[in-house]
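All remarks here apply to the structure that follows.
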Amino acid sequence: MSYGYLAFRILFLTSKRQYGKSARAVRGELLHSPADPISELAMSNVHELPTAGLIRRLLALVYDTLLLLGVTFAYGVVIWIIRKAAGSDMNSPPHPISEAAILLGLWITLAGYYVLCWTKRGQTLGMKSWRLLVVDGSGHYPTMRQSILRCLLAPVSAAPVALGYIWSWVDRRHGAWHDRWTGTRVVVLPKVKKPTLGRAPQQQSADDDRNRDGHQNGPQG
């Protein structure tokens, strides 16, 4: 068995495992997630939600970046296989046109993750972990056009020493530059109160009502 074939097998198996984890995570988010975040809120309440701060957004971005590392690695292995099959010199960089096509394909792959998540549920996996939601001016999920524009314009906000993101500290209503340019907002969802273990939601609601009435009426003597 040649060393080249052994290296190929290691790369293939590693990328398959990393891509499988990322794909299962995204598929689970889109197909097996609980109720629609917006459907759980009144439309008027969506407009009243606070705009997400810079730190929370950066933490969600870090989470998504770690998730997409597996996808990026798998993409690189696929490109390596294609170049190897085409008989390209693996010790030299690809032709400038080929290199541009490779980078474009990688951008489309990564941007597709964000566009799919934003248009379907208004949030990526990282955003869900930090209770963030992208909405348009009417309180709905962003359209395909708005989502693609967000992917195109987000690097502009990040390019000049992240000045477009830092601007969210100044414009707390509209957020970063690309939020304003695309007519979207990133808002913070309220915490969902989990039911007490062992109690049905109806029973817990009745208990909460009784406790609230007791506090309002006070002790009877």
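Naming works like this for the structure tokens: A, B, ... for the chains as they're shown, residue 1 at the start of each chain, ligands 1 onward in shown order.
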
Please provide the set of residues having any atom within 8 Å of Ile166 (chain A), restricted to only C-alpha atoms, with same-chain residues fewer than 4 positions apart removed, written as an mmCIF file with C-alpha atoms, in the first residue's frame.
```cif
data_model
loop_
_atom_site.group_PDB
_atom_site.id
_atom_site.type_symbol
_atom_site.label_atom_id
_atom_site.label_comp_id
_atom_site.auth_asym_id
_atom_site.auth_seq_id
_atom_site.Cartn_x
_atom_site.Cartn_y
_atom_site.Cartn_z
ATOM 1 C CA LEU A 54 -21.873 43.002 19.907
ATOM 2 C CA ALA A 162 -14.814 45.516 12.460
ATOM 3 C CA VAL A 170 -23.755 53.552 18.608
ATOM 4 C CA ALA A 176 -24.360 46.721 12.461
#
```

Item to complete: List the neighbours of region 149-159 of chain A out to 7 Å using only C-alpha atoms; skip same-chain residues closer than 3 positions along the sequence, and give me the result as a list in words.
Response: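 My reading of the contact set: Ala111, Arg145, Gln146, Ala162, Leu163, Gly164, Tyr165, Trp177, His178 and Thr182 of chain A.
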
Give me the residues near Leu110 (chain A) as a VMD selection string, where near means some atom within 8 Å (using only C-alpha atoms) and where sequence neighbours in that chain fewer than 5 positions away do not count. chain A and resid 68 71 to 72

Save out the residues we just selected, C-alpha atoms, as a PDB file, in the first residue's frame.
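Ended up saving to result25.pdb:
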```
ATOM      1  CA  LEU A  68     -18.282  25.156   9.654  1.00  0.00           C
ATOM      2  CA  VAL A  71     -17.513  21.646   6.187  1.00  0.00           C
ATOM      3  CA  THR A  72     -14.461  23.656   5.092  1.00  0.00           C
TER       4      THR A  72
END
```

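Taking CA of Trp130 (chain A) as the reference point, CA of Val188 (chain A) is found at 8.0 Å.
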